[in-house]
Amino acid sequence: MENQDLSQRFNRNLKDADLIALYRLMVLTREFEMRVCKIYTQTTIPETPHLCVGQEAIGVGSCYGLRKDDFVLPSLRGRSVFLSKGVSPSVLMAAVFGKSTGPSKGKYTAHHMGDLKKGILAGSLLIGSQFPTAVGAGLAFKLKKTDQVCLCYFGDGASNRGDFHEGLNLAAIQKLPVIFICENNLYALYTPVEKAIAVKDIASRAQGYGMPGITIDGNDVLAVYQTVQEAVARARRGEGPSLIECKTYRLRPHCERFQENRPPEELAYWWDKCPIKRFKAHLFDQGVLNEETHHRIEAEVAEEMNRAVQFAEESPYPDAAELCEDVYADGVIRGGRLCAS
Amino acid sequence: MRQLTFREAIQEAIAEEMERDSTVFMMGENIAASGGVYQGTKGLLEKFGEGRILDMPISESGFVGAGVGAALLGTRPVIDLMFNDFLPLVMDHLVNHAAKMRYMYGGQATVPMVIRTFFGAGTRTGCSHSQSLEAYVIHCPGLKVVMPSTPADAKGLMKSAIRDNDPVVFFEHRLLYSVKGPIPEGEHIVPLGQADVKRKGSDVSVVATGRMVYKALEAAAELAQGGIEMEIIDPRSLLPFDCETLMESVKKTGRLLIVHEACKTGGFGAEIAAMVAKEAFGYLDAPIERIAAPDIPVPVSPTLEDQYIPQKEEIVATVKKMVA
C-alpha cells in the first residue's frame, strides 16, 4: 500500500539508532499497557485503563523528532506520548497507582495529567476540550516569539465537538504553531466512526479552516514521523497549523472496565496491521534489527517495567494533609473558601 | 483628585499593567479597532498594537480555552467576555480547566488569567444580556471573583487581578460604566479580599455588591433622616471574601441585610447569611435579611424590569422592619 512506499522513503532520513529507538519506545509502550492491564485485574488501582494498544506508532512517531521545549497535549489514549516525551515508566506507573511520586502527586488521572517540565499539557476528562488549550499554547509561543510548537492529539470522536471548530479556526486565523493529530481508531467509545462523521476522512475538514490536512496510515511509525516533522517545520517557519489524520485501531476495549463486541474479523485484520509487528518486520528486512537485538530490547523493556511497577508499588500515597493544597497559587484554602480560617 | 469614569479607570488599569508587564495581552470580540462594544478597551490597540490586543471570532469557548493554555505557558491573558451571560458558553474551560489546572498538575501550574465581563439588569436588553451570574463561578473552587462598584476600586482591583496568579472573573456592571469618581494619582492597587466600608453606621450592617451599593447608599441617606444609620460594606472581591470586616460590623450593629442584584435562590447572599449565622449568632438582634432579584428571567419592558431590580424603597422598608 501507499504507506509501505512512504516507510521506505522516510527510512533514509533516520539513522539505524533512531529506528531502534522508535521501535524500543513502541515496545515499551505496549509492555507498559499490558502491565497496566494485568495489574488492573489483579489489584485495586485508581486508573481505569484506556489503553493505546495498537496505536503506539502515533505518539512515538510524532514525538520522536520534537525538541525538549516543544509541547504536547495527549489524548486520553496517550501513553506513548508520555513515554516518548521523556516521562519515565516509573513515574508514569506511579501516576497510574495514584501515588505521590506521579507528576500530579495523586491529584489527577494518569492518562490526562500534564507535566510542564516535560512539555506535556494536561488533557481534559471531557473529550474534545483540549483543542482551545493547545491553541492557547501556540498563542503563547507566538506572543513570546519563540519557535516552539504544540502537538494536540485527539480521537475521531473529539472532532465532532464545537471546540474542534473553534480551536482549529482560531489556530488558522492566528497562524499558530499547533499540529492537530487525529488518532482515528474508528470508534468513539462504541459508536463506529461512520455513524458519527459523514465524510470519509477527518483530514478533509482542514479545508474548511484553510490549513493543510492529510490522512496517513497511523500504524506506520515512519509515516507518522515524517508527516509530523513536515508539519512541525512548517509551524516553526510561522506558516501555521496542520491537521494530520492517522488511521488506526485500538486493539483493546475503549476502557478495561467494559468489554465490547467488535467483529472478530475486524480485530484480526487490525492485529495483522499491528504497528509494532509491521515495524519489526520492516527492520528485520532492512537488517537494522536481528533476533539478538530484538531479544535484548524485549529483556531490557521487561526489566525496566519491573522496576517501574516496583517503584509505583513502593511509592507512598499522598499525605492526607495535602488534600486542600494546590488549589490556589497563593496558599492553602481549607474548609469554606469565604474565610481562609 | 482627578475624576475618571468606571470605564476609563479599567482602561487605565489594563494599560498600566500592559506597560509594566509584556506578557499581559488581551483577547475578545471587537476589542481592537472598535474599542469594545461599550468602549471598554478604547485606545488600547493604538498603544499596544494588534500583537497584544487580539480581536477574536465569535468563539467564546475557543478563546477562553486558549486563554487557559496561554496562561499555563507564561503569559497573562485578559479576556473580554462582553456579557456575563456568555459564561455558560465558556464554563467548561473556566470551571473544568482554568480553575482546576493547578490541582490537576499537582501544583506545577498557574493560570494567571482575567475574564472581564458585563453583568446586571436595567438596560432593557433581555434575559440573556442582563443577568448577574456571579454565584455560578463563586461555586467553583480555584476561581477568584471580583465585583467593584466605584471607578477607583475598579482600577485597583483590575491591577490586582492581572497580577494575581489564579484565574479571576471580573464583573463590571454595565450601568456603572459612566459613573465618575476620584482616582488616586500614580500606582493605585486594591488587594483582592479586602472589603470597603462605603458608609459608617451603627444600626444595621448592609452587604451590597455592584450597583446595589448605590441603591443602599440612597436608602441610607433617606433612613438617616429618621435617625437610622446603615453601615454599608462593599466586599469588592467576593472570593476571597473579607470576613473580618463583615464580622466586626455585624458584632457592632447586631443586624445584617444582604443586597445583591442576582436572583435569590442559591445566591451569594445565602452563603454570607449562613456564615454570619454561624460565626456571629450570639450577636444578632434580628433575623438576617436578603434582598435580591426574584427567581425569574430578567424581563425587558420598563414596568417589569424596574420591578425586577432591587430598589431603594425595598431596602428602606426592610431596614425599618429590622430595627423596629
# chains A, B, ... in the order shown; residues from 1 in each chain; ligands from 1
>>> closest_atom_pairs(of="chain A", to="chain B", cutoff="8 Å", atoms="only C-alpha atoms", output="tab-separated table")
residue	atom	partner	partner_atom	distance
A:Pro103	CA	B:Gly106	CA	6.6
A:Ser104	CA	B:Gly106	CA	3.9
A:Lys105	CA	B:Gly106	CA	5.3
A:Gly106	CA	B:Gly106	CA	7.5
A:Lys107	CA	B:Met104	CA	5.9
A:Tyr108	CA	B:Met104	CA	5.1
A:Met113	CA	B:Met104	CA	6.6
A:Gly114	CA	B:Tyr105	CA	5.9
A:Asp115	CA	B:Tyr105	CA	6.8
A:Leu116	CA	B:Gln108	CA	7.1
A:Ala122	CA	B:Tyr105	CA	7.3
A:Ser124	CA	B:His97	CA	7.4
A:Ser129	CA	B:His93	CA	7.6
A:Phe131	CA	B:Gly62	CA	7.9
A:Pro132	CA	B:Ala66	CA	4.6
A:Thr133	CA	B:Gly69	CA	4.2
A:Ala134	CA	B:Gly69	CA	6.0
A:Val135	CA	B:Ala66	CA	5.5
A:Gly136	CA	B:Ala66	CA	3.6
A:Ala137	CA	B:Gly69	CA	4.8
A:Gly138	CA	B:Ala70	CA	7.5
A:Leu139	CA	B:Ala70	CA	6.1
A:Ala140	CA	B:Ala70	CA	4.8
A:Leu143	CA	B:Gly51	CA	7.2
A:Lys144	CA	B:Thr23	CA	7.8
A:Asp163	CA	B:Gly62	CA	6.1
A:Glu166	CA	B:Gly62	CA	4.9
A:Gly167	CA	B:Gly62	CA	5.4
A:Leu170	CA	B:Gly62	CA	7.2
A:Glu325	CA	B:Tyr103	CA	7.7
A:Asp326	CA	B:Gly107	CA	4.7
A:Val327	CA	B:Tyr103	CA	5.4
A:Tyr328	CA	B:Gly142	CA	5.9
A:Ala329	CA	B:Asn165	CA	6.0
A:Asp330	CA	B:Asn165	CA	7.5
A:Arg337	CA	B:Pro240	CA	7.0
A:Leu338	CA	B:Phe241	CA	5.1
A:Cys339	CA	B:Cys243	CA	6.0
>>> write_last_selection(atoms="C-alpha atoms", output="PDB file, in the first residue's frame")
ATOM      1  CA  PRO A 103       3.524  14.311  38.295  1.00  0.00           C
ATOM      2  CA  SER A 104       0.152  15.334  39.742  1.00  0.00           C
ATOM      3  CA  LYS A 105       1.031  13.903  43.173  1.00  0.00           C
ATOM      4  CA  GLY A 106      -2.071  11.740  43.066  1.00  0.00           C
ATOM      5  CA  LYS A 107      -4.448  14.573  42.247  1.00  0.00           C
ATOM      6  CA  TYR A 108      -5.382  13.763  38.657  1.00  0.00           C
ATOM      7  CA  MET A 113      -2.302  14.522  33.553  1.00  0.00           C
ATOM      8  CA  GLY A 114       0.313  17.022  32.467  1.00  0.00           C
ATOM      9  CA  ASP A 115       3.933  17.571  33.294  1.00  0.00           C
ATOM     10  CA  LEU A 116       5.110  21.042  32.355  1.00  0.00           C
ATOM     11  CA  ALA A 122      -2.803  18.168  30.871  1.00  0.00           C
ATOM     12  CA  SER A 124      -9.363  17.146  29.847  1.00  0.00           C
ATOM     13  CA  SER A 129     -11.977  20.190  25.214  1.00  0.00           C
ATOM     14  CA  PHE A 131      -8.291  21.984  21.254  1.00  0.00           C
ATOM     15  CA  PRO A 132      -8.514  25.514  22.697  1.00  0.00           C
ATOM     16  CA  THR A 133      -5.954  24.728  25.401  1.00  0.00           C
ATOM     17  CA  ALA A 134      -3.423  23.603  22.800  1.00  0.00           C
ATOM     18  CA  VAL A 135      -4.241  26.638  20.670  1.00  0.00           C
ATOM     19  CA  GLY A 136      -3.501  28.784  23.718  1.00  0.00           C
ATOM     20  CA  ALA A 137      -0.081  27.168  23.998  1.00  0.00           C
ATOM     21  CA  GLY A 138       0.527  28.090  20.368  1.00  0.00           C
ATOM     22  CA  LEU A 139      -0.637  31.612  21.097  1.00  0.00           C
ATOM     23  CA  ALA A 140       1.821  31.898  23.989  1.00  0.00           C
ATOM     24  CA  LEU A 143       3.393  36.155  21.690  1.00  0.00           C
ATOM     25  CA  LYS A 144       6.754  35.244  23.159  1.00  0.00           C
ATOM     26  CA  ASP A 163     -14.283  23.177  20.372  1.00  0.00           C
ATOM     27  CA  GLU A 166     -13.405  26.941  17.430  1.00  0.00           C
ATOM     28  CA  GLY A 167      -9.884  25.730  18.143  1.00  0.00           C
ATOM     29  CA  LEU A 170      -8.569  30.197  15.872  1.00  0.00           C
ATOM     30  CA  GLU A 325      -3.110  22.061  48.667  1.00  0.00           C
ATOM     31  CA  ASP A 326      -2.566  23.201  45.079  1.00  0.00           C
ATOM     32  CA  VAL A 327      -5.953  24.848  44.603  1.00  0.00           C
ATOM     33  CA  TYR A 328      -4.843  28.477  44.711  1.00  0.00           C
ATOM     34  CA  ALA A 329      -1.395  29.772  43.871  1.00  0.00           C
ATOM     35  CA  ASP A 330      -1.296  31.999  46.930  1.00  0.00           C
ATOM     36  CA  ARG A 337     -13.436  29.455  50.801  1.00  0.00           C
ATOM     37  CA  LEU A 338     -15.127  32.550  52.197  1.00  0.00           C
ATOM     38  CA  CYS A 339     -12.864  32.550  55.207  1.00  0.00           C
TER      39      CYS A 339
END
>>> residues_around(residues="range 173-189 of chain B", least_positions_apart="4", cutoff="6 Å", atoms="only C-alpha atoms", output="list in words")
Met1, Arg2, Gln3, Leu4, Thr5, Phe6, Arg7, Phe118, Phe119, Gly120, Pro151, Ala152 and Gly156 of chain B
>>> write_last_selection(atoms="C-alpha atoms", output="PDB file, in the first residue's frame")
ATOM      1  CA  MET B   1      -8.272  64.470  42.841  1.00  0.00           C
ATOM      2  CA  ARG B   2      -8.762  63.694  39.157  1.00  0.00           C
ATOM      3  CA  GLN B   3     -12.043  62.111  38.129  1.00  0.00           C
ATOM      4  CA  LEU B   4     -12.404  59.146  35.798  1.00  0.00           C
ATOM      5  CA  THR B   5     -15.358  57.076  34.736  1.00  0.00           C
ATOM      6  CA  PHE B   6     -15.582  53.419  35.701  1.00  0.00           C
ATOM      7  CA  ARG B   7     -14.838  52.597  32.062  1.00  0.00           C
ATOM      8  CA  PHE B 118     -20.558  42.844  31.929  1.00  0.00           C
ATOM      9  CA  PHE B 119     -23.391  41.932  34.209  1.00  0.00           C
ATOM     10  CA  GLY B 120     -26.560  43.456  35.506  1.00  0.00           C
ATOM     11  CA  PRO B 151     -14.018  53.667  39.467  1.00  0.00           C
ATOM     12  CA  ALA B 152     -11.150  53.686  41.962  1.00  0.00           C
ATOM     13  CA  GLY B 156      -7.166  48.983  41.792  1.00  0.00           C
TER      14      GLY B 156
END
>>> select_by_dssp(residues="range 214-291 of chain A", states="helix (DSSP H, G or I)", output="VMD selection string")
chain A and resid 221 to 236 264 to 272 275 to 286 291
>>> closest_atom_pairs(of="range 192-303 of chain B", to="range 310-315 of chain B", cutoff="12 Å", atoms="only C-alpha atoms", output="CSV")
residue,atom,partner,partner_atom,distance
B:Val204,CA,B:Ile315,CA,11.2
B:Ser205,CA,B:Ile315,CA,12.0
B:Val206,CA,B:Ile315,CA,9.5
B:Val207,CA,B:Ile315,CA,11.5
B:Ala208,CA,B:Ile315,CA,10.7
B:Thr209,CA,B:Pro310,CA,11.7
B:Arg211,CA,B:Pro310,CA,10.0
B:Met212,CA,B:Pro310,CA,7.7
B:Val213,CA,B:Lys312,CA,10.4
B:Tyr214,CA,B:Lys312,CA,8.9
B:Lys215,CA,B:Lys312,CA,5.2
B:Ala216,CA,B:Lys312,CA,6.5
B:Leu217,CA,B:Lys312,CA,8.6
B:Glu218,CA,B:Lys312,CA,6.4
B:Ala219,CA,B:Lys312,CA,5.2
B:Ala220,CA,B:Ile315,CA,8.7
B:Ala221,CA,B:Lys312,CA,10.2
B:Glu222,CA,B:Lys312,CA,9.2
B:Leu223,CA,B:Ile315,CA,9.7
B:Met230,CA,B:Ile315,CA,10.5
B:Ile232,CA,B:Ile315,CA,11.9
B:Leu256,CA,B:Ile315,CA,11.9
B:Leu257,CA,B:Ile315,CA,8.7
B:Ile258,CA,B:Ile315,CA,9.6
B:Val259,CA,B:Pro310,CA,7.8
B:His260,CA,B:Pro310,CA,7.7
B:Glu261,CA,B:Pro310,CA,6.5
B:Ala262,CA,B:Pro310,CA,9.4
B:Cys263,CA,B:Pro310,CA,9.8
B:Lys264,CA,B:Pro310,CA,10.9
B:Glu289,CA,B:Ile315,CA,10.0
B:Arg290,CA,B:Ile315,CA,9.5
B:Ile291,CA,B:Pro310,CA,6.8
B:Ala292,CA,B:Pro310,CA,6.0
B:Ala293,CA,B:Pro310,CA,6.0
B:Pro294,CA,B:Pro310,CA,8.9
>>> closest_residue(among="B:Asn30, B:Ser301, B:Thr117, B:Ser237", to="Asp80 in chain B", atoms="only C-alpha atoms")
B:Thr117
>>> atom_distance(atom1="CA of Pro46 in chain A", atom2="CA of Thr109 in chain A")
7.9 Å
>>> select_by_dssp(residues="range 198-292 of chain A", states="strand (DSSP E or B)", output="list of chain:residue names")
A:Gly213, A:Ile214, A:Thr215, A:Ile216, A:Asp217, A:Ser242, A:Leu243, A:Ile244, A:Glu245, A:Cys246, A:Lys247
